[in-house]
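Heads up: the structure comes next, in C-alpha cells.
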Amino acid sequence: MYLYIRENVKANLKADISRNYLGLAWWLLEPVLLVLVFYLVFGLLFQRGGEYFVQILVVGIVSWVWFASTVTRSTTSIYSARFLLAQVYLPKYVLPVTVILEGLIRQIFVIAVLIVFLVLTSGMHGTWVWLPVIMMVQLLLVSAVSLWVAAIVPIIPDLKFAITAGLQALMFCSGVFFRTMDVPEKYQAFLFYNPIANIIAQYRSVLVDGSPPDIVSLVNITLISVFFSVMAIVYIKKFDLEYPRLVS
Amino acid sequence: MSDHELIRLENVGIRFRNSRSLLGKTSYEVLKNVSFNIASGESIGILGRNGAGKSTLLKVIAGIIRPDMGRVVNNGVSSALLNLQIGFKQELPGVDNIMLMGILFGLGVSEIREKMDSIIQFSELGDAVCKPVNTYSAGMKARLGFSVAINMSTDILLVDEVLGVGDVEFRKKSTRAMKDMVMSEQTVVLVSHQAQTVKALCERAVWIENGRLKMQGAADEVVEAYESYVMRHPPGDS
C-alpha cells in the first residue's frame with residue numbers, strides 16, 4: 001500500500017501544479033489572500049495591529065490553513081473514491097493518509113516561503129531550530145482530526161456541514177488573527193486548551209518572538225494526537241468492508 | 001482445464017439498509033442463500049434481470065463487501081472487477097490512472113510500465129492518455145477501463161455489463177478480446193442481462209432471480225430456461 005500512497009501523492013501533486021494557470025502559486029495564494037483580508041479589517045480598519053502584526057498574522061494563517069484545508073479535504077476522501085471502492089479492494093485508511101501527506105508536502109513549500117518572508121521582514125532567531133518539531137506536532141494533530149472526520153462522515157454524511165461550520169467557529173477561537181495573550185485573562189485558559197490555538201502560539205513564540213516553545217504543551221498534544229490517530233485507524237479498519245456499501 | 005477451486009460462496013446473503021435517516025431502519029435483502037463455486041480456468045455467466053443482485057454478487061466475489069450472512073471462501077486469489085463506473089481519478093491523466101489501478105491490482109511499478117504501451121494501444125486513446133480523465137468522453141473512459149482490466153492478469157476477471165461500450169469497432173474488439181480471455185486459462189465471471197452474450201462466452205451459468213439462486217449448470221441449459229422464464233414472466237410481473 002506504501003507504493004499506492006506514494007504514486008497517488010506524486011500524481012495528485014503533479015496534476016495540481018499543471019492544472020491551473022498559476023500552478024504552484026495557488027498553494028501560496030490561499031494563505032496570502034486570507035492574510036490580506038485580515039490585515040485590511042484588523043490592521044487598517046480597526047487599528048488593532050501593534051508591533052509585528054503582519055508577521056503574527058502570517059504565521060497564524062499559514063498554520064491554520066494547513067489544518068483547515070487538510071481536514072476539509074479529508075471529509076470527502078472516502079466518498080470521492082466511491083467508484084474506485086466499487087471496483088477493487090483498498091484499505092480505506094489509505095485515502096485520508098494520502099490527503100494528509102499531500103497537505104504536508106504543500107505545507108513544507110509554504111513554510112519555506114514563510115521563512116524567506118520572515119528573514120526579509122523581521123530577522124532570524126536561534127529558536128527557529130524548533131520549527132520542525134512544532135511542524136511534526138501539528139502534523140500529528142492534523143492527522144488525528146483528519147482521520148476521524150474521514151472515518152465518520154461516510155457513516156453520518158450530514159456531519160459534513162457541521163464540520164464546515166465547526167472549522168469556521170474554531171478559526172475564530174484559535175487566535176489566527178490575534179495573540180492569545182491579548183485576550184482577557186479569564187478566557188485565556190479556554191484558548192490554551194484548544195490544541196490548534198496552542199500550536200499557533202508556539203509557532204509565534206519560536207518564529208517571531210525568538211523564545212522557546214512550551215514543551216509540556218507540545219508533548220501533551222503529541223500524546224493525545226497519536227492516541228486519537230491510532231484509534232481512528234482501528235475504527236476505519238473495523239468498518240473497512242462497510243464503507244463501500246455506505247458510499248455507493 | 002483444472003478443477004482447482006478458487007472461490008466458494010456458501011449461503012451468501014446481503015442485506016442493504018434502505019434509509020440512512022435516524023427514523024426507521026428498513027432493510028431489504030439483495031441476495032439470499034446464494035451458493036456456488038468458481039474453479040480455475042472456467043468462465044461463468046451470471047444471468048438475471050435488472051435489480052436481481054448480480055452486481056452486488058460480483059462485489060462479494062471480489063471481496064469488496066462482506067456478506068451479512070453465509071461466507072465467502074477465497075483460496076488466496078486476486079480479482080479485478082470491471083464495471084461501467086470506472087474508478088478513475090478524474091483530475092489525473094490516463095497514464096497516472098493506469099499506474100494507480102495497476103498498483104491496486106497488485107502489480108509492481110516496472111510491471112505496469114511494461115504493460116503501459118499495450119494498454120494505451122488497446123484503448124486507442126493515443127495522445128489523449130496524457131490528458132486528465134475528466135476531459136474524456138464516456139466512450140473513451142470505458143475504453144481505458146476495459147483496456148486496463150484485461151491487461152491486469154489477476155486470477156479472476158469479473159466483468160459487469162461492459163461489453164456494449166464504445167463505438168461499433170471497439171465493441172467488436174472488446175468482445176473478441178473477451179473471447180480470447182475465455183478461451184485461455186483466465187477465469188472469467190461475466191454479468192449480463194443479455195442471455196445470448198452468456199451463451200456465446202461462458203461454459204457455465206448461474207441465474208439469480210430476486211436475489212436467490214434460481215438455477216446453475218451448463219450455460220446453454222440455463223440460458224434456455226432463463227429465456228423461456230422471462231418470456232412467461234415479463235418484467236414487473238414478479
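Chain labels A, B, ... are given in the sequence in which chains occur in the C-alpha cells; within each chain residues are numbered consecutively from 1, and ligands are likewise numbered from 1 in the order shown.
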Next item on the list: Pull the strand (DSSP E) assignments for segment 20-161 of chain B out of DSSP run on the backbone, and list those residues as JSON, numbers by chain.
Entry: {"B": [27, 28, 29, 30, 31, 32, 33, 34, 35, 36, 37, 38, 39, 43, 44, 45, 46, 47, 69, 70, 71, 72, 73, 74, 79, 80, 81, 82, 156, 157, 158, 159, 160]}
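The protein and nucleic acid residues lying at most 9 Å from Val35 of chain A are A:Val54, A:Leu57, A:Val58, A:Ile61, A:Val62, A:Phe177, with only C-alpha atoms considered and sequence neighbours fewer than 6 positions away removed.
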Writer output for current selection, C-alpha atoms, as a tab-separated table (two decimals), in the first residue's frame:
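Output file result-v2.tsv is given in full below:
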chain	number	residue	atom	x	y	z
A	54	VAL	CA	1.80	41.21	9.86
A	57	LEU	CA	-0.95	37.21	11.20
A	58	VAL	CA	1.04	35.38	8.53
A	61	ILE	CA	-2.79	31.85	8.94
A	62	VAL	CA	-0.13	29.63	7.43
A	177	PHE	CA	-5.53	36.88	13.75
Notebook entry, point to check: Please, which residues of chain B lie no more than 6 Å from chain A when the count uses only C-alpha atoms, and can they be set out as a ChimeraX atom specification?
Noted result: /B:64-66,81,87
For segment 194-208 of chain A, find every residue with an atom within 10 Å (counting only C-alpha atoms), except residues of its own chain fewer than 2 positions away, and show them as a short mmCIF file (atom, residue, chain, number, x, y, z; two decimals) with C-alpha atoms, in the first residue's frame.
data_model
loop_
_atom_site.label_atom_id
_atom_site.label_comp_id
_atom_site.auth_asym_id
_atom_site.auth_seq_id
_atom_site.Cartn_x
_atom_site.Cartn_y
_atom_site.Cartn_z
CA TYR A 52 4.88 42.69 14.17
CA GLN A 55 4.26 38.53 10.96
CA ILE A 56 1.90 37.31 13.67
CA LEU A 57 -0.95 37.21 11.20
CA VAL A 58 1.04 35.38 8.53
CA VAL A 59 2.32 32.74 10.95
CA GLY A 60 -1.18 32.17 12.33
CA ILE A 61 -2.79 31.85 8.94
CA VAL A 62 -0.13 29.63 7.43
CA SER A 63 -0.55 27.05 10.16
CA TRP A 64 -4.35 27.42 10.26
CA PHE A 67 -5.03 22.37 9.44
CA ILE A 115 10.91 31.58 6.25
CA LEU A 118 10.46 36.39 7.97
CA SER A 122 11.91 40.66 10.94
CA GLY A 123 15.22 38.83 11.12
CA MET A 124 16.27 35.37 12.27
CA HIS A 125 16.19 33.79 15.71
CA GLY A 126 18.10 30.83 17.14
CA THR A 127 14.79 29.36 18.25
CA TRP A 128 13.93 28.57 14.63
CA VAL A 129 15.50 25.16 15.18
CA TRP A 130 12.25 24.30 16.98
CA LEU A 131 10.24 24.80 13.80
CA ILE A 134 6.35 22.11 16.07
CA MET A 135 5.50 21.15 12.50
CA VAL A 137 3.38 18.05 16.38
CA GLN A 138 0.97 19.88 14.12
CA LEU A 141 -2.79 16.90 15.29
CA VAL A 142 -3.87 17.34 11.66
CA LEU A 170 -12.73 27.14 15.51
CA MET A 171 -10.83 29.62 13.41
CA PHE A 172 -12.20 32.48 15.48
CA CYS A 173 -11.28 30.66 18.70
CA SER A 174 -7.75 29.80 17.64
CA GLY A 175 -6.10 33.17 17.69
CA VAL A 176 -5.41 33.07 13.98
CA PHE A 178 -4.82 37.83 17.35
CA ARG A 179 -2.47 36.67 20.06
CA THR A 180 -3.66 34.53 22.91
CA MET A 181 -2.07 36.93 25.37
CA ALA A 189 -7.24 29.15 29.62
CA PHE A 190 -10.04 28.30 27.20
CA LEU A 191 -7.79 29.14 24.27
CA PHE A 192 -4.92 27.27 25.88
CA GLY A 210 12.58 34.21 19.49
CA SER A 211 11.56 32.48 22.71
CA PRO A 212 11.48 28.68 23.19
CA PRO A 213 8.23 26.73 22.91
CA ASP A 214 6.22 25.30 25.78
CA ILE A 215 7.47 21.71 25.78
CA SER A 217 2.02 21.52 25.73
CA LEU A 218 3.80 20.04 22.74
CA ASN A 220 0.58 16.67 25.57
CA ILE A 221 -0.68 17.46 22.08
CA THR A 222 1.60 14.78 20.64
CA ILE A 224 -3.32 12.98 22.54
CA SER A 225 -2.94 13.17 18.75
#
Between atom CA of Val99 of chain A and atom CA of Ser143 of chain A lies a distance of 9.5 Å
Inset, instruction - Enumerate as an MDAnalysis selection string all residues of segment 8-77 of chain A assigned to alpha helix (DSSP H) by DSSP on the backbone, naming them with the chain letters and numbers the document uses. - result: chainID A and resid 8:19 25:38 53:75
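When the distance limit is 8 Å and only C-alpha atoms are what count, the residues near segment 214-218 of chain B, minus those fewer than 5 positions from it on the same chain, are B:Glu203, B:Arg204, B:Ala205, B:Val206, B:Trp207, B:Ile208, B:Glu209.
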For the residues in the current selection, export N, CA and C atoms as a PDB file, in the first residue's frame.
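Result file is result-v9.pdb:
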ATOM      1  N   GLU B 203     -19.070 -21.192 -20.263  1.00  0.00           N
ATOM      2  CA  GLU B 203     -19.340 -22.625 -20.205  1.00  0.00           C
ATOM      3  C   GLU B 203     -20.472 -22.906 -19.221  1.00  0.00           C
ATOM      4  N   ARG B 204     -20.437 -22.131 -18.132  1.00  0.00           N
ATOM      5  CA  ARG B 204     -21.361 -22.395 -17.050  1.00  0.00           C
ATOM      6  C   ARG B 204     -22.133 -21.114 -16.762  1.00  0.00           C
ATOM      7  N   ALA B 205     -23.341 -21.262 -16.261  1.00  0.00           N
ATOM      8  CA  ALA B 205     -24.115 -20.062 -15.942  1.00  0.00           C
ATOM      9  C   ALA B 205     -24.812 -20.209 -14.597  1.00  0.00           C
ATOM     10  N   VAL B 206     -24.990 -19.067 -13.961  1.00  0.00           N
ATOM     11  CA  VAL B 206     -25.699 -19.002 -12.688  1.00  0.00           C
ATOM     12  C   VAL B 206     -26.810 -17.989 -12.872  1.00  0.00           C
ATOM     13  N   TRP B 207     -28.009 -18.365 -12.495  1.00  0.00           N
ATOM     14  CA  TRP B 207     -29.158 -17.489 -12.732  1.00  0.00           C
ATOM     15  C   TRP B 207     -29.676 -16.992 -11.385  1.00  0.00           C
ATOM     16  N   ILE B 208     -29.686 -15.691 -11.244  1.00  0.00           N
ATOM     17  CA  ILE B 208     -30.148 -15.071  -9.999  1.00  0.00           C
ATOM     18  C   ILE B 208     -31.495 -14.412 -10.252  1.00  0.00           C
ATOM     19  N   GLU B 209     -32.477 -14.760  -9.446  1.00  0.00           N
ATOM     20  CA  GLU B 209     -33.797 -14.147  -9.575  1.00  0.00           C
ATOM     21  C   GLU B 209     -34.191 -13.606  -8.205  1.00  0.00           C
TER      22      GLU B 209
END
B:Leu158, B:Leu125, B:Leu201, B:Ile7 ranked by distance to Arg71 of chain B, top pick (using only C-alpha atoms)
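Result for the nearest residue to Arg71 of chain B: B:Ile7.
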query = Looking at only C-alpha atoms, which of B:Met69, B:Leu9, B:Val133, B:Met116 is the one that sits closest to Lys89 of chain B?
reply =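 The closest residue to Lys89 of chain B is B:Val133.
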- Message: I want to know what sits within 7 Å of Val110 of chain A, based on only C-alpha atoms, with residues of the same chain fewer than 4 positions away left out; could you give that as a count of residues only?
- Response: 3
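By chain and then residue number, the residues within 6 Å of Val71 of chain A are Ala68, Ser74 and Ser146 of chain A, counting only C-alpha atoms and disregarding those fewer than 3 positions away in sequence.
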inquiry  = Using only C-alpha atoms, which protein or nucleic acid residues come within 9 Å of Thr72 of chain A? Drop anything in the same chain fewer than 3 positions from it, and give the result as JSON, numbers by chain.
reply    = {"A": [67, 68, 69, 75, 76, 146, 149, 160, 163, 164, 167]}
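Atom CA of Gln121 of chain B lies 12.9 Å from atom CA of Ser174 of chain B.
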